[in-house]
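S.K.: Just passing along the structure, written as C-alpha cells.
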Amino acid sequence: MGMSLQQIIFGVLSVISLVSALGVVLSKNPVTSVLCLIVTFFTIAGHYIMLNAQFLAVVHIIVYAGAIMVLFLFVIMLMNLNAEIEPQKRSWLKYAGAISGGALLVVLLAALREASVPSLKPESTDIGLIANLGKTLFSQYVVPFEVSSILFLSAMVGAVVIGKKED
Amino acid sequence: MTIDWVFILEKVLLISGVLVVSLVVAMYSTWGERKVAAIIQDRRGPNRAGFMGLFQPLADGGKLFFKEEIIPTNSNRFLFILGPSLAMMIACMTSAVIPWGDTLTIAGHSFSLQIADINIGILYIFGVVSLGVYGIMLGGWASNNKYSLLASVRAASQIISYELAMGLSLIALLMMTGTLSIKEIVEQQRHTYWNVVAQPLGFLIFLVCSFAECNRSPFDLPEAESELNGGYHLEYSSMKLGFYLFAEYINMFISSALMASLYFGGYAFPYMDKMGLDQNIVTILGTVVFFIKIICFLFFFMWVRWTIPRFRYDQLMRLGWNIMIPLALVNMLITGAVILWQQSH
C-alpha cells in the first residue's frame, strides 16, 4: 500500500468528477445532464476541501449547486425539452464540430506543453480557511474586491431593468 | 496509515444516534400535530392505538409501507424515485453540525455530542438547505402532472426567495458573534445572555423564513390542496409520499434545533456552571434542556398552522421581497452601527 488516504480520496473524487462531467455532455435527457453537472460541482467542492479550502467548497455548493443549477433546472423543466421534439442537427455539422474541437485541443496541447504548474507553498495552505480568506480579501485585495462587487451590482440592476420592462 | 478506530466508532454511534432521534422526533411530531390540532379545535385527536394514541405514528407508518405503490405511466421513473429520496437525504444531512450537547467524559475519553464542529457550520447548513429544492422540483416535474409541476415551481421560488432574507438576518448575528461555528455561538451564550435579546428583529425574520423554508402553514402554498389538488406530491403514493411528508417534519425539527441554538442558547441554560454538578450531569441536563427548547419551537410551528390561514401567492412573494429582505438589511445596518459605536467607546 503505497497510497495515502488523501491519494485514495483524490482518486475516487477525480474519477467521479470525470464520469459525471462526461455524463453532462453525453446524456440525451437535459434534466439528467443538469443532475450530472450538480454531481460534478459536488466533487469539485470535495477537491476544494482536500485543498483545505472549506469556505470555498461550501460557497461553491451554495452558489452553483444551490442557486444557479436550480435556475437551470427551472428553465429546462418549463421548456420541457425532449429528445423527440428537439431539432436534429445535420451530420456534417457534427463532423465539423468534432474536427474543430480536435484542432483546438491540438493548439492547446502545443501551447501548454512547455508550461509548468508552480507547486503550492506549504505556508499558504491555510488561506482557504474563512478567517484568513476574509482578512486577505478585506486588507490586501480590498480594491479589486469592491470593484467586483460594483460589477455584480450593475448586473443586478441590469436584470431588474430588463425584468421590469413596461410595455 | 493508522486509523483512529475509537474516533470512527464514536462518530458512527453519534451519527446513528442523531439519525434515530431525528426520525423518532419526526414520527412523534405527526402525532403531536394531530393532538395540537385536536386541542385547538376542541376535539380529542387520535386516541385508539395505544395510550393517548401513542402508537398512531407506527400504525400510520405501517399503513404507508403496505399501500400499493403507483408510478405514473408517463413519468420519468428514475427521477420520480430520486425526488423523495433526495428530500429525505437532504433533510437528514443538516443535523451533522448542530451541537446536541457539551462534551461527555467516559473513562478518560471526552466525547463531543456534535458530529462535526466545522468552522463554517452555518454555511454548511445554508448549503444543504439550498439543495432542499431539488427533491421537490424533481419529484414535481417527474410526475408529469401539471399540478405537481406548478406546485414544485411555487415551492422552488418560495424557498429561493426566503433563503435570501434568512441569510441576511443571520449575517447580523454573525457580525455580533464573530464566528460561523454553531458550537462557538452556543458557548458564547453560555456565559452571557441569549442572542435573541440582542437580535429580536433578526430572530423574527429568521423564524418567518424558516416557516417558509419548511413549506409550513401559513406559507404552505406548494401543498395548497384547494388550488393544486394536493401539491407536488400529488402523484405519489405509499412510502414515497411518506418520505415527502416525513422530510417536512425532519426539516421542522432541524430548524427548531437551529433556532434554539442560534438565538436561545442551545444546550446552555441559566446557572449551569454554578450548580456545582459533575460535568457529565451538566452535559446531560443541557441536552435535555435543548430538547425542551426544540419541543417548544415544534409546538409553535403547529400552533401557527392551526391558527393562521394560508397566504395568497402574491402576498407571500411580496412579504418575502418587499418586507423581509429590506427589514433584514435594516437590521444588518443597525447591528453594524452598534458594533462600530461599541468599538469606538
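Residue numbers start at 1 in each chain; chains themselves are named A, B, ... in the order of the C-alpha cells; ligands are numbered from 1 in the order shown.
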Return as a list in words the residues belonging to chain B that are within 9 Å of chain A, counting only C-alpha atoms.
M.R.: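 Taking only C-alpha atoms into account, Met1, Leu79, Ile118, Asn119, Ile120, Leu123, Tyr124, Phe126, Gly127, Val128, Val129, Ser130, Leu131, Gly132, Val133, Tyr134, Met137, Leu138, Trp141, Leu149, Val153, Ala156, Ile160, Thr179 and Leu180 of chain B sit within 9 Å of chain A.
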S.K.: When you look at B:Leu333 with a cut-off of 12 Å (counting only C-alpha atoms), what residues show up, excluding the ones that are within fewer than 4 positions of it in the same chain? I need them as a list of chain:residue names.
M.R.: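 After dropping sequence-adjacent residues, the list is B:Leu168, B:Ser169, B:Ile171, B:Ala172, B:Leu173, B:Met175, B:Gly202, B:Pro326, B:Leu327, B:Ala328, B:Leu329, B:Ala337, B:Val338, B:Ile339, B:Leu340.
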S.K.: For the selection just defined, write its residues with N, CA and C atoms to a file, as a compact mmCIF listing (two decimals), in the first residue's frame.
M.R.:
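Output file again11.txt is given in full below:
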# COMPACT_ATOMS: atom_id res chain seq x y z
N LEU B 168 -29.61 37.02 5.16
CA LEU B 168 -29.32 38.40 5.58
C LEU B 168 -29.57 38.57 7.07
N SER B 169 -30.63 37.93 7.60
CA SER B 169 -30.89 38.07 9.03
C SER B 169 -29.80 37.39 9.84
N ILE B 171 -26.64 37.23 8.91
CA ILE B 171 -25.38 38.00 8.83
C ILE B 171 -25.25 38.92 10.04
N ALA B 172 -26.39 39.53 10.45
CA ALA B 172 -26.34 40.40 11.62
C ALA B 172 -25.88 39.63 12.85
N LEU B 173 -26.39 38.41 13.00
CA LEU B 173 -25.99 37.58 14.15
C LEU B 173 -24.50 37.24 14.06
N MET B 175 -22.19 38.97 12.60
CA MET B 175 -21.37 40.15 12.89
C MET B 175 -21.19 40.29 14.39
N GLY B 202 -33.83 40.19 14.08
CA GLY B 202 -33.20 39.14 13.31
C GLY B 202 -33.85 37.80 13.57
N PRO B 326 -35.85 43.94 2.98
CA PRO B 326 -35.48 45.26 3.49
C PRO B 326 -35.33 45.27 5.01
N LEU B 327 -36.22 44.60 5.74
CA LEU B 327 -36.10 44.56 7.20
C LEU B 327 -34.77 43.94 7.61
N ALA B 328 -34.41 42.84 6.94
CA ALA B 328 -33.15 42.18 7.28
C ALA B 328 -31.97 43.10 7.00
N LEU B 329 -32.06 43.86 5.89
CA LEU B 329 -30.97 44.79 5.57
C LEU B 329 -30.87 45.88 6.63
N ALA B 337 -23.83 49.43 12.89
CA ALA B 337 -23.65 50.73 13.54
C ALA B 337 -23.37 50.57 15.02
N VAL B 338 -24.15 49.67 15.67
CA VAL B 338 -23.96 49.48 17.11
C VAL B 338 -22.59 48.91 17.40
N ILE B 339 -22.15 47.94 16.56
CA ILE B 339 -20.82 47.34 16.79
C ILE B 339 -19.74 48.40 16.65
N LEU B 340 -19.86 49.26 15.61
CA LEU B 340 -18.87 50.33 15.42
C LEU B 340 -18.87 51.28 16.61
S.K.: Which neighbours of B:Met88 fall inside 8 Å, counting only C-alpha atoms, when residues of the same chain fewer than 6 positions from it are skipped, and could you give them as a list of chain:residue names?
M.R.: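 Near B:Met88, the qualifying residues are B:Phe243, B:Tyr244, B:Phe246, B:Ala247.
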S.K.: Tell me, as a VMD selection string, which residues lie within 10 Å of B:Asp60, counting only C-alpha atoms; anything in the same chain fewer than 5 positions away does not count.
M.R.: chain B and resid 27 30 to 31 55 65 242
S.K.: Just how far from atom CA of B:Gln342 is atom CA of B:Lys183, in Å to one decimal?
M.R.: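 Those two atoms sit 24.8 Å apart.
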S.K.: Just the residues within 10 Å of B:Ile71, please, counting only C-alpha atoms, with nothing from its chain fewer than 6 positions along; format it as a PyMOL selection string.
M.R.: chain B and resi 77+80-81+143+235-237
S.K.: Write out, as a short mmCIF file (atom, residue, chain, number, x, y, z; two decimals), in the first residue's frame, the residues just selected, with C-alpha atoms.
M.R.:
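Below is the file selection.cif, written as the result:
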data_model
loop_
_atom_site.label_atom_id
_atom_site.label_comp_id
_atom_site.auth_asym_id
_atom_site.auth_seq_id
_atom_site.Cartn_x
_atom_site.Cartn_y
_atom_site.Cartn_z
CA ARG B 77 -39.17 6.58 -13.40
CA PHE B 80 -39.68 10.01 -9.79
CA ILE B 81 -37.92 7.80 -7.25
CA SER B 143 -44.69 13.19 -12.03
CA GLU B 235 -48.87 11.53 -7.88
CA TYR B 236 -47.02 9.89 -5.03
CA SER B 237 -48.35 7.01 -3.03
#
S.K.: What residues in stretch 45-161 of chain A get the DSSP label helix (DSSP H, G or I)? Please answer as a PyMOL selection string.
M.R.: chain A and resi 45-50+54-79+91-112+122-128+130-139+142-161
S.K.: Please dump the current selection as an mmCIF file, in the first residue's frame; keep C-alpha atoms.
M.R.:
data_model
loop_
_atom_site.group_PDB
_atom_site.id
_atom_site.type_symbol
_atom_site.label_atom_id
_atom_site.label_comp_id
_atom_site.auth_asym_id
_atom_site.auth_seq_id
_atom_site.Cartn_x
_atom_site.Cartn_y
_atom_site.Cartn_z
ATOM 1 C CA ALA A 45 -16.231 21.038 -3.816
ATOM 2 C CA GLY A 46 -14.682 17.845 -2.444
ATOM 3 C CA HIS A 47 -11.406 18.771 -4.151
ATOM 4 C CA TYR A 48 -11.561 22.197 -2.502
ATOM 5 C CA ILE A 49 -11.937 20.529 0.888
ATOM 6 C CA MET A 50 -8.909 18.364 0.106
ATOM 7 C CA GLN A 54 -13.606 24.672 3.209
ATOM 8 C CA PHE A 55 -15.098 28.105 2.746
ATOM 9 C CA LEU A 56 -14.617 27.954 -1.000
ATOM 10 C CA ALA A 57 -16.143 24.465 -1.059
ATOM 11 C CA VAL A 58 -19.289 25.484 0.778
ATOM 12 C CA VAL A 59 -19.739 28.686 -1.187
ATOM 13 C CA HIS A 60 -19.235 26.704 -4.386
ATOM 14 C CA ILE A 61 -22.112 24.418 -3.367
ATOM 15 C CA ILE A 62 -24.363 27.262 -2.202
ATOM 16 C CA VAL A 63 -23.838 29.355 -5.318
ATOM 17 C CA TYR A 64 -23.532 26.765 -8.082
ATOM 18 C CA ALA A 65 -25.464 23.728 -6.888
ATOM 19 C CA GLY A 66 -27.928 25.632 -4.717
ATOM 20 C CA ALA A 67 -28.731 28.655 -6.849
ATOM 21 C CA ILE A 68 -27.512 28.543 -10.432
ATOM 22 C CA MET A 69 -28.368 24.929 -11.137
ATOM 23 C CA VAL A 70 -31.846 25.414 -9.663
ATOM 24 C CA LEU A 71 -32.414 28.115 -12.276
ATOM 25 C CA PHE A 72 -31.059 25.812 -14.996
ATOM 26 C CA LEU A 73 -33.428 23.108 -13.851
ATOM 27 C CA PHE A 74 -36.298 25.587 -13.799
ATOM 28 C CA VAL A 75 -35.723 26.633 -17.390
ATOM 29 C CA ILE A 76 -35.218 23.114 -18.683
ATOM 30 C CA MET A 77 -38.261 21.760 -16.876
ATOM 31 C CA LEU A 78 -40.563 24.531 -18.023
ATOM 32 C CA MET A 79 -39.358 24.302 -21.623
ATOM 33 C CA SER A 91 -24.498 15.244 -39.637
ATOM 34 C CA TRP A 92 -21.954 17.497 -41.400
ATOM 35 C CA LEU A 93 -22.399 19.941 -38.513
ATOM 36 C CA LYS A 94 -21.385 17.216 -36.074
ATOM 37 C CA TYR A 95 -18.283 16.326 -38.091
ATOM 38 C CA ALA A 96 -17.325 19.979 -38.383
ATOM 39 C CA GLY A 97 -17.712 20.336 -34.635
ATOM 40 C CA ALA A 98 -15.579 17.283 -33.929
ATOM 41 C CA ILE A 99 -12.822 18.439 -36.297
ATOM 42 C CA SER A 100 -12.694 21.989 -34.938
ATOM 43 C CA GLY A 101 -12.758 20.719 -31.364
ATOM 44 C CA GLY A 102 -9.863 18.386 -32.106
ATOM 45 C CA ALA A 103 -7.943 21.247 -33.736
ATOM 46 C CA LEU A 104 -8.462 23.367 -30.618
ATOM 47 C CA LEU A 105 -7.197 20.504 -28.463
ATOM 48 C CA VAL A 106 -4.006 20.268 -30.563
ATOM 49 C CA VAL A 107 -3.410 24.012 -30.283
ATOM 50 C CA LEU A 108 -3.962 23.967 -26.517
ATOM 51 C CA LEU A 109 -1.671 20.983 -26.085
ATOM 52 C CA ALA A 110 1.054 22.704 -28.096
ATOM 53 C CA ALA A 111 0.698 25.876 -26.082
ATOM 54 C CA LEU A 112 0.648 24.184 -22.683
ATOM 55 C CA PRO A 122 3.257 24.869 2.346
ATOM 56 C CA GLU A 123 2.661 28.041 4.362
ATOM 57 C CA SER A 124 -0.136 29.202 2.059
ATOM 58 C CA THR A 125 -2.396 26.177 2.607
ATOM 59 C CA ASP A 126 -4.424 27.826 5.347
ATOM 60 C CA ILE A 127 -5.565 30.611 3.041
ATOM 61 C CA GLY A 128 -8.823 28.782 2.293
ATOM 62 C CA ILE A 130 -12.617 31.606 6.297
ATOM 63 C CA ALA A 131 -10.818 33.899 8.764
ATOM 64 C CA ASN A 132 -7.630 34.052 6.702
ATOM 65 C CA LEU A 133 -9.519 34.472 3.454
ATOM 66 C CA GLY A 134 -11.631 37.289 4.905
ATOM 67 C CA LYS A 135 -8.607 39.129 6.270
ATOM 68 C CA THR A 136 -6.766 38.855 2.966
ATOM 69 C CA LEU A 137 -9.785 39.942 0.924
ATOM 70 C CA PHE A 138 -10.503 42.959 3.095
ATOM 71 C CA SER A 139 -6.923 44.163 3.519
ATOM 72 C CA VAL A 142 -9.907 45.325 -0.847
ATOM 73 C CA VAL A 143 -9.981 47.457 -4.016
ATOM 74 C CA PRO A 144 -10.454 44.594 -6.522
ATOM 75 C CA PHE A 145 -12.984 43.054 -4.138
ATOM 76 C CA GLU A 146 -15.082 46.223 -4.001
ATOM 77 C CA VAL A 147 -14.755 46.777 -7.749
ATOM 78 C CA SER A 148 -16.087 43.300 -8.437
ATOM 79 C CA SER A 149 -18.987 43.943 -6.057
ATOM 80 C CA ILE A 150 -19.876 47.001 -8.147
ATOM 81 C CA LEU A 151 -19.809 44.743 -11.198
ATOM 82 C CA PHE A 152 -22.295 42.416 -9.512
ATOM 83 C CA LEU A 153 -24.476 45.358 -8.511
ATOM 84 C CA SER A 154 -24.599 46.611 -12.090
ATOM 85 C CA ALA A 155 -25.537 43.128 -13.286
ATOM 86 C CA MET A 156 -28.356 43.017 -10.744
ATOM 87 C CA VAL A 157 -29.610 46.450 -11.753
ATOM 88 C CA GLY A 158 -29.476 45.364 -15.368
ATOM 89 C CA ALA A 159 -31.504 42.244 -14.647
ATOM 90 C CA VAL A 160 -34.130 44.269 -12.781
ATOM 91 C CA VAL A 161 -34.337 46.809 -15.629
#
S.K.: Can you list every residue in stretch 40-108 of chain B that DSSP puts in strand (DSSP E or B), as a compact mmCIF listing (two decimals) with C-alpha atoms, in the first residue's frame?
M.R.:
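The resulting file, selection-v5.txt, is shown below:
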# COMPACT_ATOMS: atom_id res chain seq x y z
CA THR B 103 -18.73 17.01 25.97
CA LEU B 104 -19.18 13.78 27.89
CA THR B 105 -16.17 12.25 29.65
CA ILE B 106 -16.24 8.46 29.78
S.K.: What is the atom CA of B:Leu316-atom CA of B:Gly336 distance in Å, reported with one decimal?
M.R.: 28.6 Å
S.K.: Using only C-alpha atoms, can you tell me which of B:Trp100, B:Phe206, B:Phe219, B:Trp194 comes closest to B:Ile308?
M.R.: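 Looking only at the distances to B:Ile308, the closest residue turns out to be B:Phe219.
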S.K.: Report as JSON, numbers by chain all protein, DNA and RNA residues lying within 10 Å of B:Tyr28, evaluated on only C-alpha atoms, omitting residues in the same chain fewer than 2 positions from it.
M.R.: {"B": [22, 23, 24, 25, 26, 30, 31, 32, 33, 34, 54, 55, 56, 57, 58, 249]}
